[in-house]
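Student: If it helps, the file is called my_file-v1.cif and holds mmCIF, N, CA and C atoms:
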```cif
data_final
loop_
_atom_site.group_PDB
_atom_site.id
_atom_site.type_symbol
_atom_site.label_atom_id
_atom_site.label_comp_id
_atom_site.auth_asym_id
_atom_site.auth_seq_id
_atom_site.Cartn_x
_atom_site.Cartn_y
_atom_site.Cartn_z
ATOM 1 N N MET A 19 37.564 1.050 -13.710
ATOM 2 C CA MET A 19 36.749 -0.124 -13.434
ATOM 3 C C MET A 19 36.229 -0.670 -14.750
ATOM 4 N N LEU A 20 36.464 -1.925 -14.999
ATOM 5 C CA LEU A 20 36.056 -2.566 -16.238
ATOM 6 C C LEU A 20 34.752 -3.319 -15.992
ATOM 7 N N LEU A 21 33.743 -2.999 -16.782
ATOM 8 C CA LEU A 21 32.455 -3.676 -16.650
ATOM 9 C C LEU A 21 32.167 -4.460 -17.913
ATOM 10 N N THR A 22 31.652 -5.649 -17.754
ATOM 11 C CA THR A 22 31.229 -6.418 -18.922
ATOM 12 C C THR A 22 29.869 -5.912 -19.366
ATOM 13 N N ARG A 23 29.437 -6.399 -20.498
ATOM 14 C CA ARG A 23 28.157 -5.912 -21.031
ATOM 15 C C ARG A 23 26.977 -6.215 -20.108
ATOM 16 N N GLU A 24 26.966 -7.389 -19.525
ATOM 17 C CA GLU A 24 25.807 -7.775 -18.698
ATOM 18 C C GLU A 24 25.588 -6.845 -17.505
ATOM 19 N N PRO A 25 26.581 -6.573 -16.668
ATOM 20 C CA PRO A 25 26.345 -5.626 -15.568
ATOM 21 C C PRO A 25 25.974 -4.231 -16.064
ATOM 22 N N MET A 26 26.554 -3.818 -17.187
ATOM 23 C CA MET A 26 26.207 -2.495 -17.716
ATOM 24 C C MET A 26 24.748 -2.467 -18.158
ATOM 25 N N ALA A 27 24.293 -3.552 -18.797
ATOM 26 C CA ALA A 27 22.898 -3.624 -19.232
ATOM 27 C C ALA A 27 21.969 -3.640 -18.023
ATOM 28 N N LEU A 28 22.357 -4.370 -16.989
ATOM 29 C CA LEU A 28 21.554 -4.416 -15.766
ATOM 30 C C LEU A 28 21.483 -3.038 -15.117
ATOM 31 N N ALA A 29 22.616 -2.359 -15.030
ATOM 32 C CA ALA A 29 22.635 -1.023 -14.441
ATOM 33 C C ALA A 29 21.763 -0.070 -15.245
ATOM 34 N N LYS A 30 21.808 -0.172 -16.557
ATOM 35 C CA LYS A 30 20.987 0.705 -17.403
ATOM 36 C C LYS A 30 19.501 0.463 -17.140
ATOM 37 N N ARG A 31 19.116 -0.812 -17.025
ATOM 38 C CA ARG A 31 17.702 -1.120 -16.741
ATOM 39 C C ARG A 31 17.292 -0.586 -15.374
ATOM 40 N N CYS A 32 18.174 -0.704 -14.390
ATOM 41 C CA CYS A 32 17.867 -0.204 -13.043
ATOM 42 C C CYS A 32 17.679 1.305 -13.057
ATOM 43 N N PHE A 33 18.579 2.004 -13.724
ATOM 44 C CA PHE A 33 18.450 3.453 -13.797
ATOM 45 C C PHE A 33 17.213 3.856 -14.587
ATOM 46 N N ASP A 34 16.871 3.092 -15.621
ATOM 47 C CA ASP A 34 15.680 3.402 -16.407
ATOM 48 C C ASP A 34 14.429 3.302 -15.543
ATOM 49 N N ARG A 35 14.388 2.340 -14.648
ATOM 50 C CA ARG A 35 13.219 2.193 -13.765
ATOM 51 C C ARG A 35 13.099 3.349 -12.781
ATOM 52 N N LEU A 36 14.213 3.992 -12.467
ATOM 53 C CA LEU A 36 14.200 5.114 -11.532
ATOM 54 C C LEU A 36 13.877 6.442 -12.206
ATOM 55 N N ALA A 37 13.950 6.482 -13.523
ATOM 56 C CA ALA A 37 13.733 7.740 -14.245
ATOM 57 C C ALA A 37 12.272 8.171 -14.124
ATOM 58 N N LEU A 38 12.061 9.399 -13.721
ATOM 59 C CA LEU A 38 10.705 9.936 -13.612
ATOM 60 C C LEU A 38 10.461 10.875 -14.786
ATOM 61 N N THR A 39 9.922 10.306 -15.841
ATOM 62 C CA THR A 39 9.591 11.090 -17.019
ATOM 63 C C THR A 39 8.233 11.743 -16.794
ATOM 64 N N PRO A 40 7.881 12.747 -17.590
ATOM 65 C CA PRO A 40 6.547 13.345 -17.451
ATOM 66 C C PRO A 40 5.428 12.306 -17.570
ATOM 67 N N ALA A 41 5.580 11.346 -18.461
ATOM 68 C CA ALA A 41 4.542 10.321 -18.626
ATOM 69 C C ALA A 41 4.428 9.443 -17.376
ATOM 70 N N ARG A 42 5.555 9.082 -16.786
ATOM 71 C CA ARG A 42 5.519 8.258 -15.572
ATOM 72 C C ARG A 42 4.946 9.038 -14.395
ATOM 73 N N LEU A 43 5.306 10.305 -14.275
ATOM 74 C CA LEU A 43 4.747 11.125 -13.194
ATOM 75 C C LEU A 43 3.240 11.261 -13.343
ATOM 76 N N LYS A 44 2.762 11.425 -14.577
ATOM 77 C CA LYS A 44 1.318 11.518 -14.808
ATOM 78 C C LYS A 44 0.641 10.207 -14.410
ATOM 79 N N GLY A 45 1.262 9.088 -14.761
ATOM 80 C CA GLY A 45 0.705 7.791 -14.391
ATOM 81 C C GLY A 45 0.643 7.603 -12.885
ATOM 82 N N ILE A 46 1.685 8.015 -12.188
ATOM 83 C CA ILE A 46 1.701 7.927 -10.724
ATOM 84 C C ILE A 46 0.600 8.799 -10.134
ATOM 85 N N ALA A 47 0.482 10.029 -10.635
ATOM 86 C CA ALA A 47 -0.542 10.947 -10.128
ATOM 87 C C ALA A 47 -1.939 10.395 -10.386
ATOM 88 N N ASP A 48 -2.162 9.827 -11.570
ATOM 89 C CA ASP A 48 -3.469 9.239 -11.883
ATOM 90 C C ASP A 48 -3.782 8.079 -10.943
ATOM 91 N N ASP A 49 -2.789 7.241 -10.671
ATOM 92 C CA ASP A 49 -3.002 6.104 -9.770
ATOM 93 C C ASP A 49 -3.288 6.559 -8.343
ATOM 94 N N VAL A 50 -2.607 7.599 -7.877
ATOM 95 C CA VAL A 50 -2.859 8.130 -6.531
ATOM 96 C C VAL A 50 -4.281 8.676 -6.451
ATOM 97 N N ARG A 51 -4.723 9.356 -7.502
ATOM 98 C CA ARG A 51 -6.105 9.869 -7.515
ATOM 99 C C ARG A 51 -7.115 8.728 -7.439
ATOM 100 N N GLN A 52 -6.843 7.628 -8.140
ATOM 101 C CA GLN A 52 -7.754 6.482 -8.091
ATOM 102 C C GLN A 52 -7.831 5.909 -6.678
ATOM 103 N N VAL A 53 -6.704 5.803 -6.006
ATOM 104 C CA VAL A 53 -6.693 5.292 -4.629
ATOM 105 C C VAL A 53 -7.452 6.246 -3.714
ATOM 106 N N CYS A 54 -7.278 7.549 -3.913
ATOM 107 C CA CYS A 54 -7.974 8.539 -3.082
ATOM 108 C C CYS A 54 -9.484 8.446 -3.246
ATOM 109 N N ASN A 55 -9.936 8.013 -4.400
ATOM 110 C CA ASN A 55 -11.372 7.927 -4.666
ATOM 111 C C ASN A 55 -11.998 6.623 -4.179
ATOM 112 N N LEU A 56 -11.197 5.698 -3.670
ATOM 113 C CA LEU A 56 -11.745 4.450 -3.145
ATOM 114 C C LEU A 56 -12.480 4.712 -1.835
ATOM 115 N N ALA A 57 -13.501 3.914 -1.602
ATOM 116 C CA ALA A 57 -14.253 4.029 -0.351
ATOM 117 C C ALA A 57 -13.374 3.592 0.814
ATOM 118 N N ASP A 58 -13.547 4.223 1.950
ATOM 119 C CA ASP A 58 -12.794 3.873 3.155
ATOM 120 C C ASP A 58 -13.441 2.638 3.780
ATOM 121 N N PRO A 59 -12.735 1.504 3.831
ATOM 122 C CA PRO A 59 -13.345 0.278 4.336
ATOM 123 C C PRO A 59 -13.311 0.135 5.859
ATOM 124 N N VAL A 60 -12.681 1.049 6.576
ATOM 125 C CA VAL A 60 -12.562 0.913 8.029
ATOM 126 C C VAL A 60 -13.947 0.935 8.662
ATOM 127 N N GLY A 61 -14.215 -0.069 9.475
ATOM 128 C CA GLY A 61 -15.493 -0.165 10.167
ATOM 129 C C GLY A 61 -16.534 -0.977 9.418
ATOM 130 N N GLN A 62 -16.262 -1.366 8.173
ATOM 131 C CA GLN A 62 -17.216 -2.168 7.413
ATOM 132 C C GLN A 62 -17.067 -3.637 7.787
ATOM 133 N N VAL A 63 -18.174 -4.366 7.746
ATOM 134 C CA VAL A 63 -18.144 -5.799 8.022
ATOM 135 C C VAL A 63 -17.909 -6.530 6.708
ATOM 136 N N ILE A 64 -16.817 -7.300 6.660
ATOM 137 C CA ILE A 64 -16.485 -8.071 5.467
ATOM 138 C C ILE A 64 -16.207 -9.499 5.911
ATOM 139 N N ASP A 65 -16.923 -10.448 5.354
ATOM 140 C CA ASP A 65 -16.738 -11.871 5.677
ATOM 141 C C ASP A 65 -16.815 -12.135 7.176
ATOM 142 N N GLY A 66 -17.743 -11.506 7.852
ATOM 143 C CA GLY A 66 -17.964 -11.771 9.262
ATOM 144 C C GLY A 66 -17.042 -11.044 10.213
ATOM 145 N N GLY A 67 -16.135 -10.224 9.701
ATOM 146 C CA GLY A 67 -15.233 -9.472 10.565
ATOM 147 C C GLY A 67 -15.335 -7.989 10.267
ATOM 148 N N VAL A 68 -14.993 -7.173 11.223
ATOM 149 C CA VAL A 68 -15.035 -5.726 11.048
ATOM 150 C C VAL A 68 -13.632 -5.258 10.681
ATOM 151 N N THR A 69 -13.521 -4.505 9.595
ATOM 152 C CA THR A 69 -12.206 -4.020 9.182
ATOM 153 C C THR A 69 -11.742 -2.924 10.124
ATOM 154 N N GLY A 70 -10.463 -2.766 10.219
ATOM 155 C CA GLY A 70 -9.899 -1.720 11.070
ATOM 156 C C GLY A 70 -9.720 -2.161 12.507
ATOM 157 N N GLN A 71 -10.004 -3.429 12.777
ATOM 158 C CA GLN A 71 -9.809 -3.957 14.122
ATOM 159 C C GLN A 71 -8.794 -5.087 14.070
ATOM 160 N N ARG A 72 -8.014 -5.221 15.123
ATOM 161 C CA ARG A 72 -7.055 -6.318 15.195
ATOM 162 C C ARG A 72 -7.766 -7.583 15.644
ATOM 163 N N PRO A 73 -7.340 -8.721 15.100
ATOM 164 C CA PRO A 73 -7.937 -9.981 15.556
ATOM 165 C C PRO A 73 -7.585 -10.249 17.019
ATOM 166 N N ALA A 74 -8.471 -10.914 17.703
ATOM 167 C CA ALA A 74 -8.220 -11.260 19.110
ATOM 168 C C ALA A 74 -7.057 -12.231 19.181
ATOM 169 N N SER A 75 -6.160 -12.000 20.130
ATOM 170 C CA SER A 75 -5.004 -12.913 20.243
ATOM 171 C C SER A 75 -5.149 -13.860 21.395
#
```
Just give me the structure of the file as structure tokens.
Tutor:
Amino acid sequence: MLLTREPMALAKRCFDRLALTPARLKGIADDVRQVCNLADPVGQVIDGGVTGQRPAS
């Protein structure tokens, strides 16, 4: 299969985005910890509506 430079460069960028290096894994873990530390908004009133409830149809 003959590939031109452009598809090869695109494939390389795609594979690079999938690579899980130690630095990327640490970043993912740090971001998950930040989300875990957020307050749970379910049941809070925001802008006149209660979160965690479906709007009336």
Student: Would you mind reading off the distance between atom C of Met26 (chain A) and atom N of Ala47 (chain A), one decimal, in Å?
Tutor: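 A separation of 28.3 Å between them.
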Student: Please enclose the listed atoms of region 52-55 of chain A in an axis-aligned box, pad each side by 6 Å, and write out the centre and the three edge lengths in Å, rounded to one decimal, as lines of an AutoDock Vina configuration file.
Tutor:
```
center_x = -9.3
center_y = 6.9
center_z = -5.6
size_x = 17.3
size_y = 15.2
size_z = 17.1
```
Student: Just give me the gap between atom N of Lys44 (chain A) and CA of Ala57 (chain A) in Å, one decimal is fine.
Tutor: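 Spanning atom N of Lys44 (chain A) to CA of Ala57 (chain A) is a straight-line distance of 23.4 Å.
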Student: Grab the CA of Leu28 (chain A) to atom N of Asp49 (chain A) distance for me, in Å with one decimal place.
Tutor: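 Straight-line distance from CA of Leu28 (chain A) to atom N of Asp49 (chain A) works out to 27.5 Å.
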